[in-house]
>>> print(open('coords32.txt').read())   # compact mmCIF, C-alpha atoms
# COMPACT_ATOMS: atom_id res chain seq x y z
CA MET T 1 116.31 160.14 142.68
CA ALA T 2 114.33 159.52 145.84
CA GLU T 3 116.19 158.02 148.75
CA ARG T 4 114.75 154.78 150.18
CA SER T 5 113.58 154.82 153.75
CA LYS T 6 115.81 152.85 156.12
CA GLN T 7 112.92 152.07 158.47
CA LYS T 8 111.52 148.57 158.67
CA PRO T 9 107.80 148.18 158.00
CA ASP T 10 105.58 147.91 161.07
CA TYR T 11 104.05 144.41 161.13
CA SER T 12 102.62 144.61 164.66
CA ALA T 13 99.01 144.56 163.44
CA LEU T 14 99.74 141.46 161.35
CA LYS T 15 101.47 139.75 164.29
CA GLU T 16 98.44 140.48 166.47
CA LEU T 17 96.16 138.93 163.85
CA PHE T 18 98.00 135.59 164.06
CA GLN T 19 98.82 135.64 167.78
CA HIS T 20 95.98 133.26 168.72
CA HIS T 21 97.36 130.66 166.27
CA ILE T 22 100.81 130.99 167.80
CA ASP T 23 99.44 130.75 171.36
CA SER T 24 97.43 127.67 170.43
CA TYR T 25 100.45 125.94 168.87
CA ASN T 26 102.62 126.82 171.90
CA TYR T 27 100.03 125.20 174.20
CA LEU T 28 99.81 122.12 171.97
CA ILE T 29 103.56 121.56 172.09
CA ALA T 30 104.08 122.53 175.75
CA ALA T 31 101.11 120.69 177.31
CA GLY T 32 98.56 119.55 174.75
CA LEU T 33 100.43 116.52 173.42
CA GLU T 34 100.86 115.27 176.98
CA VAL T 35 97.13 115.74 177.65
CA VAL T 36 96.31 113.76 174.51
CA THR T 37 98.64 110.85 175.30
CA GLU T 38 97.44 110.68 178.92
CA SER T 39 93.81 110.59 177.81
CA VAL T 40 94.35 107.39 175.82
CA ASN T 41 93.25 104.55 178.10
CA PRO T 42 95.53 101.52 178.60
CA VAL T 43 94.60 98.56 176.42
CA GLN T 44 94.23 95.00 177.67
CA ILE T 45 95.31 92.33 175.22
CA TYR T 46 93.77 88.88 175.26
CA ASP T 47 95.79 86.05 173.78
CA PRO T 48 93.40 83.14 173.11
CA VAL T 49 96.27 80.79 172.23
CA SER T 50 97.97 81.19 175.60
CA ALA T 51 94.63 81.03 177.39
CA CYS T 52 93.76 77.76 175.62
CA HIS T 53 97.13 76.23 176.51
CA GLN T 54 96.45 76.99 180.16
CA GLY T 55 92.86 75.74 180.03
CA ILE T 56 91.34 79.14 180.80
CA ASP T 57 87.82 79.82 179.57
CA PHE T 58 87.48 83.38 178.24
CA PHE T 59 83.91 83.75 179.44
CA GLN T 60 84.48 82.40 182.95
CA SER T 61 87.63 84.13 184.13
CA ALA T 62 89.19 87.58 184.00
CA ASP T 63 92.59 85.83 184.06
CA CYS T 64 92.40 85.52 180.28
CA TYR T 65 93.95 88.97 180.04
CA PHE T 66 97.66 88.38 180.30
CA PHE T 67 98.74 91.99 179.87
CA PHE T 68 97.37 94.59 182.24
CA PRO T 69 97.81 97.35 181.31
CA ALA T 70 99.16 96.00 178.07
CA LEU T 71 99.79 99.14 176.12
CA PHE T 72 99.79 102.82 177.03
CA LEU T 73 101.32 106.00 175.67
CA GLY T 74 104.08 107.99 177.33
CA LYS T 75 105.98 111.14 176.43
CA ALA T 76 105.31 112.78 173.07
CA GLU T 77 107.84 115.03 171.33
CA VAL T 78 108.02 116.86 168.01
CA LEU T 79 111.56 116.77 166.62
CA GLN T 80 113.13 119.53 164.56
CA PRO T 81 112.67 118.97 160.81
CA GLN T 82 115.53 116.90 159.36
CA LYS T 83 116.82 116.35 155.88
CA ASP T 84 116.65 112.90 154.36
CA ALA T 85 118.66 110.44 156.45
CA LYS T 86 120.50 109.25 153.33
CA SER T 87 121.96 112.69 152.65
CA GLY T 88 123.15 113.04 156.25
CA ARG T 89 123.09 116.83 156.00
CA GLY T 90 121.29 117.87 159.20
CA PHE T 91 118.34 120.18 159.64
CA THR T 92 115.84 121.39 157.07
CA TYR T 93 115.14 125.13 156.96
CA PRO T 94 111.80 126.79 156.10
CA TYR T 95 113.10 128.40 152.90
CA GLU T 96 114.10 124.95 151.60
CA CYS T 97 110.55 123.71 152.15
CA ARG T 98 109.09 126.73 150.36
CA GLN T 99 111.41 126.14 147.39
CA SER T 100 110.62 122.42 147.22
CA ARG T 101 106.89 122.92 147.96
CA THR T 102 106.96 120.58 150.95
CA SER T 103 105.76 120.94 154.53
CA TYR T 104 108.04 122.18 157.26
CA ALA T 105 107.47 119.27 159.62
CA GLY T 106 109.27 117.22 162.24
CA LYS T 107 108.71 113.67 163.37
CA LEU T 108 106.14 113.11 166.12
CA MET T 109 107.84 110.60 168.42
CA ILE T 110 105.79 108.97 171.18
CA ASP T 111 106.93 106.54 173.87
CA VAL T 112 104.77 103.43 173.76
CA CYS T 113 104.89 101.41 176.96
CA PHE T 114 104.28 97.68 177.31
CA GLN T 115 103.79 95.82 180.57
CA PHE T 116 103.31 92.10 181.13
CA ASN T 117 101.02 91.62 184.14
CA ASP T 118 102.73 93.45 187.03
CA GLY T 119 106.21 93.23 185.51
CA VAL T 120 108.65 95.88 184.40
CA VAL T 121 107.39 98.55 182.00
CA VAL T 122 109.17 98.38 178.65
CA ARG T 123 109.31 101.69 176.73
CA ASP T 124 109.97 102.03 173.04
CA ARG T 125 109.82 105.17 170.86
CA PHE T 126 107.72 105.07 167.73
CA ASN T 127 107.44 107.54 164.88
CA PHE T 128 103.77 108.57 164.59
CA GLY T 129 104.38 110.48 161.36
CA ASP T 130 105.25 114.05 160.45
CA PHE T 131 103.92 116.95 162.51
CA PRO T 132 103.87 120.50 161.09
CA VAL T 133 106.26 122.94 162.77
CA MET T 134 105.06 126.53 163.05
CA LEU T 135 107.45 129.47 162.81
CA LYS T 136 107.64 132.32 165.35
CA VAL T 137 106.62 130.12 168.29
CA SER T 138 108.27 129.37 171.63
CA LYS T 139 111.27 127.08 171.55
CA THR T 140 110.31 123.64 172.85
CA GLY T 141 113.64 121.96 173.39
>>> encode(input="coords32.txt", output="structure tokens")
Amino acid sequence: MAERSKQKPDYSALKELFQHHIDSYNYLIAAGLEVVTESVNPVQIYDPVSACHQGIDFFQSADCYFFFPALFLGKAEVLQPQKDAKSGRGFTYPYECRQSRTSYAGKLMIDVCFQFNDGVVVRDRFNFGDFPVMLKVSKTG
């Protein structure tokens, strides 16, 4: 009976093949999400009801915009994949996703900031959906 080799297979060529995907994902998580959120311009919100109550004509005055900047994006973060909140069992592992034929993904949480005129900035975190998590990448947290 032939004895099995105790050496592990050499996957270095395979790792090199996928290295550009891993580097790209690392950049996206480390800096790319921040670049994306910073590139979204602040939004001005016009409230015609408030403007009418104050007798402001939309076409004659820039004062019709009560929020400046009204809405802008802050920090973005991809959270580690979690099990269903109802089960309360913690993290999801890649093998569980393979077995259940689901994506290994975490929540993409982004700070959305609101400001009324020149007042205090109010930040609130919103879930922008699931974001795929790639294996064998740099740790982000």
>>> closest_residue(input="coords32.txt", among="T:Thr92, T:Leu14, T:Gly74, T:Asp23", to="Val35 (chain T)", atoms="all atoms listed in the file")
T:Gly74
>>> residues_near_point(input="coords32.txt", point="(110.1, 109.8, 167.7)", cutoff="12 Å", atoms="all atoms listed in the file", output="list in words")
Gly74, Lys75, Ala76, Glu77, Val78, Leu79, Gln80, Pro81, Gly106, Lys107, Leu108, Met109, Ile110, Asp111, Val112, Asp124, Arg125, Phe126, Asn127, Phe128, Gly129, Asp130 and Phe131 of chain T
>>> closest_residue(input="coords32.txt", among="T:Val43, T:Leu135, T:Cys97, T:Ala30", to="Phe116 (chain T)", atoms="all atoms listed in the file")
T:Val43
>>> atom_distance(input="coords32.txt", atom1="CA of Lys15 (chain T)", atom2="CA of Tyr27 (chain T)")
17.7 Å
>>> atom_distance(input="coords32.txt", atom1="CA of Lys136 (chain T)", atom2="CA of Gln99 (chain T)")
19.4 Å
>>> atom_distance(input="coords32.txt", atom1="CA of His21 (chain T)", atom2="CA of Asn41 (chain T)")
29.0 Å
